[in-house]
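Note: the block below is upload.cif and it holds mmCIF, C-alpha atoms (C1' of nucleotides).
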data_target
#
loop_
_atom_site.label_atom_id
_atom_site.label_comp_id
_atom_site.auth_asym_id
_atom_site.auth_seq_id
_atom_site.Cartn_x
_atom_site.Cartn_y
_atom_site.Cartn_z
CA MET A 1 22.29 -87.90 -13.07
CA THR A 2 20.24 -86.59 -10.20
CA ASP A 3 19.77 -83.23 -8.61
CA SER A 4 23.32 -83.32 -7.36
CA GLN A 5 24.41 -82.08 -10.75
CA LEU A 6 22.06 -79.16 -10.58
CA ILE A 7 23.35 -77.77 -7.35
CA PHE A 8 26.93 -78.76 -7.88
CA GLY A 9 28.11 -75.52 -9.40
CA GLU A 10 26.35 -73.53 -6.75
CA SER A 11 27.98 -75.44 -3.90
CA LEU A 12 31.35 -75.06 -5.51
CA HIS A 13 30.84 -71.37 -6.03
CA ARG A 14 29.75 -70.73 -2.48
CA LEU A 15 32.63 -72.73 -1.03
CA MET A 16 35.15 -70.92 -3.15
CA HIS A 17 33.64 -67.61 -2.23
CA ALA A 18 33.72 -68.39 1.47
CA TYR A 19 37.26 -69.68 1.23
CA GLN A 20 38.59 -66.64 -0.58
CA ARG A 21 36.86 -64.31 1.81
CA THR A 22 38.16 -66.20 4.82
CA MET A 23 41.70 -66.04 3.47
CA ARG A 24 41.53 -62.35 2.69
CA GLU A 25 40.11 -61.58 6.09
CA ALA A 26 42.69 -63.70 7.89
CA PHE A 27 45.52 -62.07 5.98
CA ARG A 28 44.16 -58.68 6.92
CA THR A 29 43.84 -59.46 10.62
CA HIS A 30 47.35 -60.91 10.66
CA ALA A 31 48.74 -57.88 8.83
CA ILE A 32 49.85 -59.98 5.89
CA GLU A 33 49.50 -57.59 3.02
CA LEU A 34 49.31 -60.11 0.23
CA SER A 35 46.50 -60.96 -2.11
CA VAL A 36 45.38 -64.54 -2.48
CA ALA A 37 46.94 -64.65 -5.93
CA GLN A 38 50.29 -63.43 -4.61
CA VAL A 39 50.25 -66.12 -1.97
CA ARG A 40 49.57 -68.76 -4.57
CA VAL A 41 52.52 -67.61 -6.63
CA LEU A 42 54.76 -67.41 -3.60
CA LYS A 43 53.88 -70.97 -2.71
CA CYS A 44 54.63 -72.11 -6.23
CA VAL A 45 58.00 -70.40 -6.29
CA ALA A 46 58.86 -71.97 -2.96
CA GLY A 47 57.74 -75.40 -4.05
CA ALA A 48 59.32 -75.59 -7.47
CA LYS A 49 62.94 -76.53 -7.98
CA ALA A 50 63.32 -74.38 -11.13
CA ALA A 51 60.70 -71.70 -10.79
CA THR A 52 59.95 -69.67 -13.89
CA VAL A 53 56.97 -67.59 -14.89
CA HIS A 54 56.02 -70.17 -17.46
CA ALA A 55 56.23 -73.09 -15.06
CA ILE A 56 54.22 -71.28 -12.44
CA SER A 57 51.53 -70.19 -14.85
CA GLN A 58 51.18 -73.77 -16.00
CA ARG A 59 51.03 -75.19 -12.53
CA MET A 60 48.50 -72.60 -11.46
CA ASP A 61 46.68 -72.89 -14.79
CA SER A 62 46.65 -69.15 -15.17
CA ASP A 63 47.86 -66.42 -17.47
CA ARG A 64 51.58 -65.70 -17.78
CA GLY A 65 50.96 -61.98 -17.55
CA GLN A 66 49.13 -62.49 -14.30
CA VAL A 67 52.08 -64.40 -12.89
CA THR A 68 54.53 -61.77 -14.11
CA ARG A 69 52.63 -59.06 -12.27
CA ALA A 70 52.35 -61.08 -9.07
CA VAL A 71 56.06 -61.85 -9.16
CA ALA A 72 56.83 -58.16 -9.68
CA GLN A 73 54.84 -57.31 -6.55
CA LEU A 74 56.54 -60.05 -4.57
CA ARG A 75 59.92 -58.78 -5.70
CA GLU A 76 59.06 -55.24 -4.66
CA ARG A 77 58.39 -56.59 -1.18
CA GLY A 78 61.64 -58.49 -1.14
CA LEU A 79 59.92 -61.85 -0.85
CA VAL A 80 61.21 -63.20 -4.15
CA VAL A 81 64.37 -62.61 -6.16
CA GLN A 82 65.29 -63.20 -9.76
CA ARG A 83 68.64 -64.41 -10.90
CA ASP A 84 69.86 -64.75 -14.44
CA ASN A 85 69.64 -68.09 -16.10
CA THR A 86 72.88 -68.98 -17.83
CA VAL A 87 71.23 -71.79 -19.77
CA ASP A 88 68.33 -69.81 -21.23
CA ARG A 89 68.70 -66.08 -20.94
CA ARG A 90 65.04 -65.47 -21.72
CA VAL A 91 63.97 -67.15 -18.52
CA PRO A 92 65.16 -65.69 -15.23
CA LEU A 93 64.99 -68.11 -12.34
CA LEU A 94 62.90 -67.19 -9.33
CA ALA A 95 63.71 -67.95 -5.72
CA VAL A 96 62.13 -67.17 -2.38
CA THR A 97 64.11 -64.98 0.01
CA PRO A 98 64.38 -65.79 3.72
CA ALA A 99 61.83 -63.05 4.35
CA GLY A 100 59.54 -64.68 1.84
CA ARG A 101 60.00 -68.04 3.49
CA ASP A 102 59.15 -66.63 6.90
CA LEU A 103 56.04 -64.95 5.60
CA LEU A 104 55.01 -68.08 3.75
CA ALA A 105 55.31 -70.09 6.95
CA ARG A 106 52.91 -67.70 8.66
CA VAL A 107 50.55 -67.92 5.71
CA LEU A 108 50.57 -71.69 5.83
CA ASP A 109 49.70 -71.59 9.52
CA ILE A 110 46.75 -69.37 8.75
CA GLN A 111 45.61 -71.59 5.93
CA ALA A 112 45.96 -74.65 8.08
CA ALA A 113 43.77 -73.01 10.71
CA ALA A 114 41.16 -72.21 8.10
CA GLY A 115 41.42 -75.75 6.84
CA ARG A 116 40.79 -77.00 10.35
CA ARG A 117 37.66 -74.88 10.57
CA MET A 118 36.47 -76.16 7.22
CA ALA A 119 37.23 -79.76 8.06
CA HIS A 120 35.71 -79.58 11.52
CA GLY A 121 33.47 -82.57 12.00
CA LEU A 122 34.88 -84.38 8.99
CA ALA A 123 37.11 -87.40 9.01
CA GLU A 124 40.54 -86.82 7.56
CA ALA A 125 39.78 -89.46 4.96
CA ASP A 126 36.81 -87.38 3.84
CA VAL A 127 39.01 -84.36 3.31
CA ALA A 128 41.55 -86.39 1.41
CA GLN A 129 38.83 -87.83 -0.77
CA PHE A 130 37.42 -84.37 -1.34
CA VAL A 131 40.77 -83.17 -2.63
CA ALA A 132 41.13 -86.27 -4.79
CA ILE A 133 37.72 -85.76 -6.35
CA ALA A 134 38.42 -82.08 -6.91
CA ASP A 135 41.63 -82.88 -8.75
CA HIS A 136 39.90 -85.58 -10.75
CA MET A 137 37.20 -83.14 -11.79
CA THR A 138 39.73 -80.51 -12.76
CA ASP A 139 41.43 -83.05 -14.97
CA GLY A 140 38.10 -84.01 -16.49
CA LEU A 141 37.43 -80.41 -17.43
CA GLY A 142 40.92 -79.80 -18.72
CA ASN A 143 40.87 -82.67 -21.20
CA ALA A 144 37.91 -81.45 -23.18
CA ALA A 145 36.65 -84.88 -24.14
CA ASP A 146 32.91 -84.84 -24.47
CA GLY A 147 31.10 -87.69 -22.82
CA MET B 1 46.49 -82.65 9.77
CA THR B 2 48.60 -83.91 6.92
CA ASP B 3 49.65 -82.51 3.60
CA SER B 4 46.07 -82.63 2.43
CA GLN B 5 45.52 -79.33 4.18
CA LEU B 6 48.41 -77.73 2.41
CA ILE B 7 47.21 -78.43 -1.06
CA PHE B 8 43.54 -78.06 -0.30
CA GLY B 9 43.21 -74.43 -1.27
CA GLU B 10 45.13 -75.00 -4.43
CA SER B 11 42.92 -77.87 -5.53
CA LEU B 12 39.84 -75.85 -4.80
CA HIS B 13 41.18 -72.88 -6.67
CA ARG B 14 42.09 -74.84 -9.75
CA LEU B 15 38.76 -76.65 -9.82
CA MET B 16 36.83 -73.43 -9.51
CA HIS B 17 38.94 -71.85 -12.20
CA ALA B 18 38.44 -74.76 -14.59
CA TYR B 19 34.72 -74.83 -13.87
CA GLN B 20 34.20 -71.13 -14.48
CA ARG B 21 36.21 -71.26 -17.67
CA THR B 22 34.32 -74.30 -18.91
CA MET B 23 31.02 -72.59 -18.25
CA ARG B 24 32.05 -69.37 -19.95
CA GLU B 25 33.35 -71.23 -22.97
CA ALA B 26 30.26 -73.42 -23.24
CA PHE B 27 27.99 -70.39 -23.02
CA ARG B 28 29.98 -68.75 -25.77
CA THR B 29 29.87 -71.72 -28.12
CA HIS B 30 26.14 -72.09 -27.52
CA ALA B 31 25.58 -68.37 -28.12
CA ILE B 32 24.25 -67.85 -24.62
CA GLU B 33 25.33 -64.33 -23.86
CA LEU B 34 25.17 -64.49 -20.11
CA SER B 35 27.88 -64.25 -17.51
CA VAL B 36 28.21 -66.92 -14.87
CA ALA B 37 26.89 -64.51 -12.28
CA GLN B 38 23.83 -63.70 -14.36
CA VAL B 39 23.09 -67.39 -14.71
CA ARG B 40 23.36 -67.87 -10.98
CA VAL B 41 20.88 -65.08 -10.37
CA LEU B 42 18.54 -66.36 -13.06
CA LYS B 43 18.56 -69.77 -11.40
CA CYS B 44 17.81 -68.23 -8.04
CA VAL B 45 14.91 -66.22 -9.37
CA ALA B 46 13.51 -69.31 -11.06
CA GLY B 47 13.89 -71.42 -7.94
CA ALA B 48 12.55 -69.05 -5.33
CA LYS B 49 8.88 -68.66 -4.66
CA ALA B 50 9.15 -65.01 -3.63
CA ALA B 51 12.30 -63.78 -5.32
CA THR B 52 13.67 -60.46 -4.14
CA VAL B 53 17.12 -58.90 -4.41
CA HIS B 54 17.63 -59.40 -0.71
CA ALA B 55 16.62 -63.06 -0.74
CA ILE B 56 18.82 -63.80 -3.73
CA SER B 57 21.84 -62.02 -2.29
CA GLN B 58 21.45 -64.05 0.89
CA ARG B 59 21.08 -67.32 -0.88
CA MET B 60 24.04 -66.59 -3.12
CA ASP B 61 25.98 -65.10 -0.22
CA SER B 62 26.82 -62.06 -2.28
CA ASP B 63 26.39 -58.33 -2.31
CA ARG B 64 22.96 -56.81 -2.86
CA GLY B 65 24.36 -54.32 -5.32
CA GLN B 66 25.82 -57.13 -7.34
CA VAL B 67 22.44 -58.82 -7.51
CA THR B 68 20.72 -55.57 -8.44
CA ARG B 69 23.05 -55.14 -11.39
CA ALA B 70 22.65 -58.70 -12.57
CA VAL B 71 18.88 -58.43 -12.34
CA ALA B 72 18.99 -55.21 -14.35
CA GLN B 73 20.89 -56.96 -17.11
CA LEU B 74 18.50 -59.90 -17.08
CA ARG B 75 15.58 -57.51 -17.30
CA GLU B 76 17.12 -55.72 -20.25
CA ARG B 77 17.24 -59.04 -22.05
CA GLY B 78 13.64 -59.80 -21.17
CA LEU B 79 14.57 -62.86 -19.13
CA VAL B 80 13.23 -61.53 -15.85
CA VAL B 81 10.44 -59.15 -14.97
CA GLN B 82 9.66 -57.13 -11.89
CA ARG B 83 6.20 -56.62 -10.57
CA ASP B 84 5.17 -54.35 -7.74
CA ASN B 85 4.75 -55.82 -4.32
CA THR B 86 1.53 -54.66 -2.74
CA VAL B 87 2.62 -55.83 0.69
CA ASP B 88 5.98 -54.03 0.80
CA ARG B 89 6.46 -51.41 -1.86
CA ARG B 90 10.22 -51.27 -1.31
CA VAL B 91 10.64 -54.80 -2.54
CA PRO B 92 9.58 -55.55 -6.10
CA LEU B 93 9.02 -59.22 -6.78
CA LEU B 94 11.06 -60.88 -9.49
CA ALA B 95 9.85 -63.54 -11.87
CA VAL B 96 11.34 -65.39 -14.82
CA THR B 97 9.72 -64.84 -18.21
CA PRO B 98 9.02 -67.72 -20.60
CA ALA B 99 12.08 -66.63 -22.57
CA GLY B 100 14.11 -66.74 -19.39
CA ARG B 101 12.80 -70.18 -18.60
CA ASP B 102 13.71 -71.46 -22.05
CA LEU B 103 17.20 -70.06 -21.83
CA LEU B 104 17.62 -71.45 -18.35
CA ALA B 105 16.66 -74.91 -19.57
CA ARG B 106 19.42 -74.72 -22.17
CA VAL B 107 21.87 -73.51 -19.55
CA LEU B 108 21.00 -76.40 -17.27
CA ASP B 109 21.62 -78.84 -20.11
CA ILE B 110 25.04 -77.32 -20.66
CA GLN B 111 25.85 -77.45 -16.98
CA ALA B 112 24.70 -81.02 -16.76
CA ALA B 113 26.98 -81.92 -19.64
CA ALA B 114 29.89 -80.22 -17.90
CA GLY B 115 28.95 -82.02 -14.72
CA ARG B 116 29.04 -85.31 -16.59
CA ARG B 117 32.53 -84.51 -17.81
CA MET B 118 33.65 -83.61 -14.33
CA ALA B 119 32.08 -86.67 -12.78
CA HIS B 120 33.33 -89.04 -15.45
CA GLY B 121 34.84 -92.04 -13.74
CA LEU B 122 33.31 -91.18 -10.39
CA ALA B 123 30.48 -92.97 -8.68
CA GLU B 124 27.38 -90.90 -8.20
CA ALA B 125 27.73 -91.38 -4.47
CA ASP B 126 31.15 -89.75 -4.66
CA VAL B 127 29.72 -86.69 -6.34
CA ALA B 128 26.95 -86.47 -3.79
CA GLN B 129 29.46 -86.75 -0.98
CA PHE B 130 31.62 -84.12 -2.61
CA VAL B 131 28.72 -81.69 -2.64
CA ALA B 132 27.86 -82.57 0.95
CA ILE B 133 31.41 -81.95 2.11
CA ALA B 134 31.57 -78.68 0.16
CA ASP B 135 28.42 -77.43 1.85
CA HIS B 136 29.69 -78.56 5.22
CA MET B 137 32.91 -76.66 4.69
CA THR B 138 31.08 -73.55 3.58
CA ASP B 139 29.05 -73.68 6.76
CA GLY B 140 32.22 -74.15 8.79
CA LEU B 141 33.70 -71.02 7.31
CA GLY B 142 30.55 -69.02 7.61
CA ASN B 143 30.15 -69.59 11.32
CA ALA B 144 33.46 -68.13 12.37
CA ALA B 145 33.95 -70.40 15.36
CA ASP B 146 37.63 -71.05 15.91
CA GLY B 147 38.56 -74.63 16.51
"C1'" DC C 1 76.31 -69.41 -40.52
"C1'" DT C 2 71.59 -67.27 -41.96
"C1'" DG C 3 66.97 -66.71 -41.90
"C1'" DT C 4 62.61 -68.41 -40.01
"C1'" DT C 5 59.83 -70.02 -36.38
"C1'" DT C 6 58.85 -70.69 -31.71
"C1'" DT C 7 59.09 -69.78 -26.89
"C1'" DC C 8 59.26 -66.71 -23.04
"C1'" DG C 9 58.57 -62.66 -20.19
"C1'" DT C 10 56.48 -58.48 -20.27
"C1'" DT C 11 53.06 -54.90 -21.00
"C1'" DG C 12 48.60 -52.67 -22.14
"C1'" DA C 13 43.73 -52.72 -22.56
"C1'" DC C 14 39.76 -54.72 -21.21
"C1'" DC C 15 36.13 -57.45 -18.66
"C1'" DT C 16 33.94 -59.87 -14.77
"C1'" DA C 17 33.49 -60.37 -9.78
"C1'" DG C 18 33.41 -58.80 -5.43
"C1'" DT C 19 33.60 -54.99 -1.69
"C1'" DC C 20 32.28 -50.89 0.66
"C1'" DA C 21 29.73 -46.78 1.59
"C1'" DA C 22 26.14 -43.86 0.72
"C1'" DC C 23 21.35 -42.43 -0.62
"C1'" DG C 24 16.15 -42.22 -1.06
"C1'" DA C 25 12.03 -44.85 -0.49
"C1'" DC C 26 9.59 -47.39 2.52
"C1'" DC C 27 8.16 -50.18 6.60
"C1'" DT C 28 7.91 -50.67 11.77
"C1'" DG C 29 7.22 -49.80 16.38
"C1'" DA C 30 7.22 -46.58 20.23
"C1'" DT D 1 4.06 -39.01 14.07
"C1'" DC D 2 8.51 -39.72 13.95
"C1'" DA D 3 13.04 -42.26 14.86
"C1'" DG D 4 15.25 -46.24 13.45
"C1'" DG D 5 15.72 -50.06 10.54
"C1'" DT D 6 15.31 -52.47 5.99
"C1'" DC D 7 15.45 -52.61 1.07
"C1'" DG D 8 16.94 -51.57 -3.64
"C1'" DT D 9 19.91 -48.80 -6.00
"C1'" DT D 10 24.11 -46.40 -7.33
"C1'" DG D 11 29.04 -44.99 -7.45
"C1'" DA D 12 33.76 -45.82 -6.59
"C1'" DC D 13 37.10 -49.04 -5.84
"C1'" DT D 14 39.99 -53.51 -5.75
"C1'" DA D 15 41.14 -58.16 -7.29
"C1'" DG D 16 41.15 -61.64 -10.62
"C1'" DG D 17 41.15 -63.15 -15.19
"C1'" DT D 18 41.45 -62.74 -20.53
"C1'" DC D 19 43.37 -61.43 -24.86
"C1'" DA D 20 46.65 -59.49 -28.03
"C1'" DA D 21 50.82 -57.62 -28.96
"C1'" DC D 22 55.87 -56.75 -28.52
"C1'" DG D 23 61.13 -57.53 -28.05
"C1'" DA D 24 64.54 -60.81 -26.75
"C1'" DA D 25 66.33 -65.06 -27.11
"C1'" DA D 26 66.35 -69.95 -28.25
"C1'" DA D 27 65.53 -73.75 -31.69
"C1'" DC D 28 65.48 -75.22 -36.05
"C1'" DA D 29 65.92 -75.67 -41.33
"C1'" DG D 30 68.57 -74.76 -45.01
#

Serialized structure, structure tokens:
Amino acid sequence: MTDSQLIFGESLHRLMHAYQRTMREAFRTHAIELSVAQVRVLKCVAGAKAATVHAISQRMDSDRGQVTRAVAQLRERGLVVQRDNTVDRRVPLLAVTPAGRDLLARVLDIQAAAGRRMAHGLAEADVAQFVAIADHMTDGLGNAADG
Amino acid sequence: MTDSQLIFGESLHRLMHAYQRTMREAFRTHAIELSVAQVRVLKCVAGAKAATVHAISQRMDSDRGQVTRAVAQLRERGLVVQRDNTVDRRVPLLAVTPAGRDLLARVLDIQAAAGRRMAHGLAEADVAQFVAIADHMTDGLGNAADG
DNA sequence: CTGTTTTCGTTGACCTAGTCAACGACCTGA
DNA sequence: TCAGGTCGTTGACTAGGTCAACGAAAACAG
């Protein structure tokens, strides 16, 4: 337990801050009028086979109400559609429209470019390990087992 | 440029989210009535030799107004004091009170415990490398040089 | 089948964080 | 001395996140 613990939170905070700001700015310059949260939801809908508000909120580890609102905004823009679920009528199924898929492709390009800037000078293995450690840490926080 | 780029932002987001929530919850259970932002500022004031709003906002990479407000709250709680600066009267100098230092010590313990949970199962070198990569990435985003 | 409980999406109210623009006080340098 | 810049402060605004409640619908116990 050295100083690395002491500055850990600060490094994380600054990186997150820089990342969010970079994304927002890039979206603005590319005329993509989506918030970071909307993009996250859009990605989840596109990636899931049976996308529901509940499933998305779990995968994103965020509030259901938050997801509901983001989905509503995406639907207003015609990027996502709901269709009735014959199996469970409480839970409409979400799907990405072609327009949503096009926009998402552009977003992924932008994020990849930002990722390239962030990873500049790092080996790909380093980046992969970074992601692995991040996920490991998230798991460690989620399972609230005191050490 | 593999899939690691695609999920990078998501991993970062989830980790940050889990970290912030863990901190907030721990502060609540330990009856430390400070927001995460206030703690960050308190740490900065404690760590800097000549703490000013400007210096803190630069080190935290955040808005001056935000720092001003956080400092005001810390002063209301008697954790930080301002004293006049004879050299430049625009810029009062900030200092942590003994009460602030005590509270900060408790906060650091809590953060260290959270850090232990996050780092559980990881070698210390991994954590150090994680921080190093995070800082590197933050720098890469800050200097907006396209690659 | 009936009543209870649970799950799910939705909504409202609220809080923290971050952004942007302005202002007065003050320093700096011509 | 005075024009321009810096600093702290304030107000208004947006985004993100939290919590509690509600109605609809499923799941379950009897």

To verify the selection step, state as an MDAnalysis selection string which residues the PyMOL selection byres ((chain B) within 9 of (chain D)) yields on this input. chainID B and resid 53:54 64:65 68:69 90:92

Using the chain letters and numbers from this file, what does the PyMOL selection byres ((chain A and resi 122) around 12) select? Give the answer as JSON, numbers by chain. {"A": [115, 116, 117, 118, 119, 120, 121, 123, 124, 125, 126, 127, 128, 129, 130], "B": [1, 129, 132, 133, 134, 135, 136, 137, 140]}

Best match for closeness to chain C among A:Val96, A:Ile110, A:Ala18, A:Ala26, counting all atoms listed in the file: A:Ala18

Would you compute the distance between atom CA of B:Asp84 and atom C1' of C:DT28? Give it in Å to one decimal.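 Between these atoms lies a distance of 20.0 Å.
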
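Residue membership of the PyMOL selection byres ((chain A and resi 105) around 12) in the shown file amounts to Ile32, Val39, Leu42, Lys43, Ala46, Val96, Pro98, Ala99, Gly100, Arg101, Asp102, Leu103, Leu104, Arg106, Val107, Leu108, Asp109, Ile110, Gln111 and Ala112 of chain A; Leu6 of chain B.
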
Superimpose chain A on chain B so that the squared distances between all in-order C-alpha pairs are minimised, and send the result as a compact mmCIF listing (two decimals) with C-alpha atoms, in the frame of the given file.
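Ended up saving to result.txt:
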# COMPACT_ATOMS: atom_id res chain seq x y z
CA MET A 1 46.39 -82.57 9.89
CA THR A 2 48.47 -83.84 7.02
CA ASP A 3 49.54 -82.44 3.71
CA SER A 4 45.98 -82.54 2.51
CA GLN A 5 45.42 -79.24 4.25
CA LEU A 6 48.33 -77.67 2.48
CA ILE A 7 47.15 -78.40 -1.00
CA PHE A 8 43.49 -78.05 -0.27
CA GLY A 9 43.15 -74.42 -1.23
CA GLU A 10 45.10 -74.98 -4.38
CA SER A 11 42.90 -77.86 -5.52
CA LEU A 12 39.82 -75.84 -4.80
CA HIS A 13 41.15 -72.87 -6.68
CA ARG A 14 42.10 -74.87 -9.73
CA LEU A 15 38.76 -76.66 -9.83
CA MET A 16 36.85 -73.44 -9.54
CA HIS A 17 38.97 -71.87 -12.21
CA ALA A 18 38.46 -74.77 -14.59
CA TYR A 19 34.75 -74.83 -13.88
CA GLN A 20 34.24 -71.14 -14.51
CA ARG A 21 36.26 -71.28 -17.68
CA THR A 22 34.37 -74.31 -18.92
CA MET A 23 31.05 -72.59 -18.28
CA ARG A 24 32.08 -69.38 -19.99
CA GLU A 25 33.38 -71.25 -22.98
CA ALA A 26 30.28 -73.42 -23.25
CA PHE A 27 28.02 -70.40 -23.04
CA ARG A 28 30.01 -68.76 -25.78
CA THR A 29 29.89 -71.74 -28.12
CA HIS A 30 26.15 -72.10 -27.53
CA ALA A 31 25.59 -68.39 -28.15
CA ILE A 32 24.26 -67.87 -24.65
CA GLU A 33 25.33 -64.35 -23.91
CA LEU A 34 25.16 -64.50 -20.15
CA SER A 35 27.88 -64.26 -17.57
CA VAL A 36 28.22 -66.93 -14.94
CA ALA A 37 26.93 -64.50 -12.33
CA GLN A 38 23.83 -63.72 -14.40
CA VAL A 39 23.10 -67.40 -14.74
CA ARG A 40 23.38 -67.87 -11.02
CA VAL A 41 20.90 -65.08 -10.40
CA LEU A 42 18.55 -66.37 -13.05
CA LYS A 43 18.57 -69.78 -11.42
CA CYS A 44 17.84 -68.24 -8.05
CA VAL A 45 14.94 -66.22 -9.36
CA ALA A 46 13.52 -69.31 -11.01
CA GLY A 47 13.95 -71.41 -7.92
CA ALA A 48 12.61 -69.06 -5.29
CA LYS A 49 8.92 -68.67 -4.61
CA ALA A 50 9.24 -65.00 -3.56
CA ALA A 51 12.35 -63.77 -5.29
CA THR A 52 13.74 -60.46 -4.12
CA VAL A 53 17.16 -58.91 -4.40
CA HIS A 54 17.71 -59.41 -0.71
CA ALA A 55 16.70 -63.06 -0.75
CA ILE A 56 18.86 -63.79 -3.74
CA SER A 57 21.89 -62.03 -2.34
CA GLN A 58 21.54 -64.05 0.83
CA ARG A 59 21.13 -67.33 -0.94
CA MET A 60 24.08 -66.61 -3.19
CA ASP A 61 26.02 -65.11 -0.28
CA SER A 62 26.89 -62.09 -2.34
CA ASP A 63 26.47 -58.34 -2.39
CA ARG A 64 23.03 -56.82 -2.91
CA GLY A 65 24.42 -54.32 -5.38
CA GLN A 66 25.86 -57.14 -7.42
CA VAL A 67 22.47 -58.83 -7.55
CA THR A 68 20.74 -55.58 -8.47
CA ARG A 69 23.05 -55.12 -11.44
CA ALA A 70 22.66 -58.71 -12.61
CA VAL A 71 18.88 -58.44 -12.37
CA ALA A 72 18.97 -55.20 -14.36
CA GLN A 73 20.87 -56.96 -17.14
CA LEU A 74 18.48 -59.89 -17.09
CA ARG A 75 15.54 -57.51 -17.30
CA GLU A 76 17.08 -55.71 -20.26
CA ARG A 77 17.19 -59.06 -22.04
CA GLY A 78 13.61 -59.81 -21.14
CA LEU A 79 14.53 -62.87 -19.11
CA VAL A 80 13.22 -61.52 -15.82
CA VAL A 81 10.41 -59.14 -14.90
CA GLN A 82 9.65 -57.11 -11.83
CA ARG A 83 6.21 -56.58 -10.47
CA ASP A 84 5.20 -54.34 -7.62
CA ASN A 85 4.80 -55.83 -4.22
CA THR A 86 1.58 -54.71 -2.59
CA VAL A 87 2.72 -55.93 0.82
CA ASP A 88 6.07 -54.15 0.94
CA ARG A 89 6.50 -51.47 -1.67
CA ARG A 90 10.25 -51.30 -1.14
CA VAL A 91 10.70 -54.80 -2.46
CA PRO A 92 9.62 -55.54 -6.02
CA LEU A 93 9.06 -59.20 -6.72
CA LEU A 94 11.08 -60.86 -9.45
CA ALA A 95 9.87 -63.54 -11.82
CA VAL A 96 11.34 -65.40 -14.76
CA THR A 97 9.71 -64.85 -18.15
CA PRO A 98 9.01 -67.74 -20.53
CA ALA A 99 12.04 -66.64 -22.53
CA GLY A 100 14.10 -66.76 -19.37
CA ARG A 101 12.80 -70.21 -18.57
CA ASP A 102 13.69 -71.49 -22.02
CA LEU A 103 17.18 -70.08 -21.81
CA LEU A 104 17.63 -71.46 -18.32
CA ALA A 105 16.68 -74.92 -19.55
CA ARG A 106 19.41 -74.72 -22.18
CA VAL A 107 21.87 -73.53 -19.56
CA LEU A 108 21.03 -76.41 -17.28
CA ASP A 109 21.63 -78.85 -20.12
CA ILE A 110 25.04 -77.33 -20.68
CA GLN A 111 25.87 -77.45 -17.01
CA ALA A 112 24.71 -81.02 -16.77
CA ALA A 113 27.01 -81.92 -19.65
CA ALA A 114 29.91 -80.23 -17.92
CA GLY A 115 28.98 -82.02 -14.74
CA ARG A 116 29.07 -85.30 -16.61
CA ARG A 117 32.56 -84.52 -17.85
CA MET A 118 33.68 -83.61 -14.36
CA ALA A 119 32.10 -86.67 -12.81
CA HIS A 120 33.38 -89.04 -15.46
CA GLY A 121 34.87 -92.05 -13.76
CA LEU A 122 33.32 -91.20 -10.42
CA ALA A 123 30.50 -92.99 -8.72
CA GLU A 124 27.39 -90.92 -8.25
CA ALA A 125 27.74 -91.40 -4.52
CA ASP A 126 31.16 -89.78 -4.71
CA VAL A 127 29.71 -86.72 -6.39
CA ALA A 128 26.93 -86.50 -3.86
CA GLN A 129 29.43 -86.77 -1.04
CA PHE A 130 31.59 -84.13 -2.66
CA VAL A 131 28.68 -81.71 -2.70
CA ALA A 132 27.81 -82.58 0.89
CA ILE A 133 31.35 -81.94 2.06
CA ALA A 134 31.51 -78.69 0.11
CA ASP A 135 28.34 -77.45 1.77
CA HIS A 136 29.58 -78.56 5.16
CA MET A 137 32.82 -76.66 4.65
CA THR A 138 30.99 -73.55 3.53
CA ASP A 139 28.94 -73.69 6.70
CA GLY A 140 32.09 -74.15 8.75
CA LEU A 141 33.59 -71.02 7.27
CA GLY A 142 30.41 -69.01 7.59
CA ASN A 143 30.02 -69.59 11.32
CA ALA A 144 33.30 -68.06 12.32
CA ALA A 145 33.86 -70.28 15.33
CA ASP A 146 37.53 -70.83 15.87
CA GLY A 147 38.56 -74.39 16.55

For chain B, the nearest of the candidates A:Arg77, A:Lys49, A:Arg59, A:Arg24, counting only C-alpha atoms: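 Smallest separation from chain B among the options: A:Arg59.
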
Counting only C-alpha atoms (C1' of nucleotides), collect the residues of chain B whose closest atom lies at most 10 Å from chain C, and write them out as a list in words. Ser35, Val36, Ala37, Ser62, Asp63, Gly65, Gln66, Val87, Asp88, Arg89, Arg90 and Val91 of chain B

How many Å lie between atom CA of B:Leu94 and atom CA of A:His13, rounded to one decimal? 22.7 Å

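Take the candidates B:Val81, B:Val67, B:Met60, B:Leu74 and check each one against chain A using all atoms listed in the file; the shortest distance goes to B:Met60.
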
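Note that atom CA of B:Thr29 and atom CA of A:Asp61 are 21.5 Å apart.
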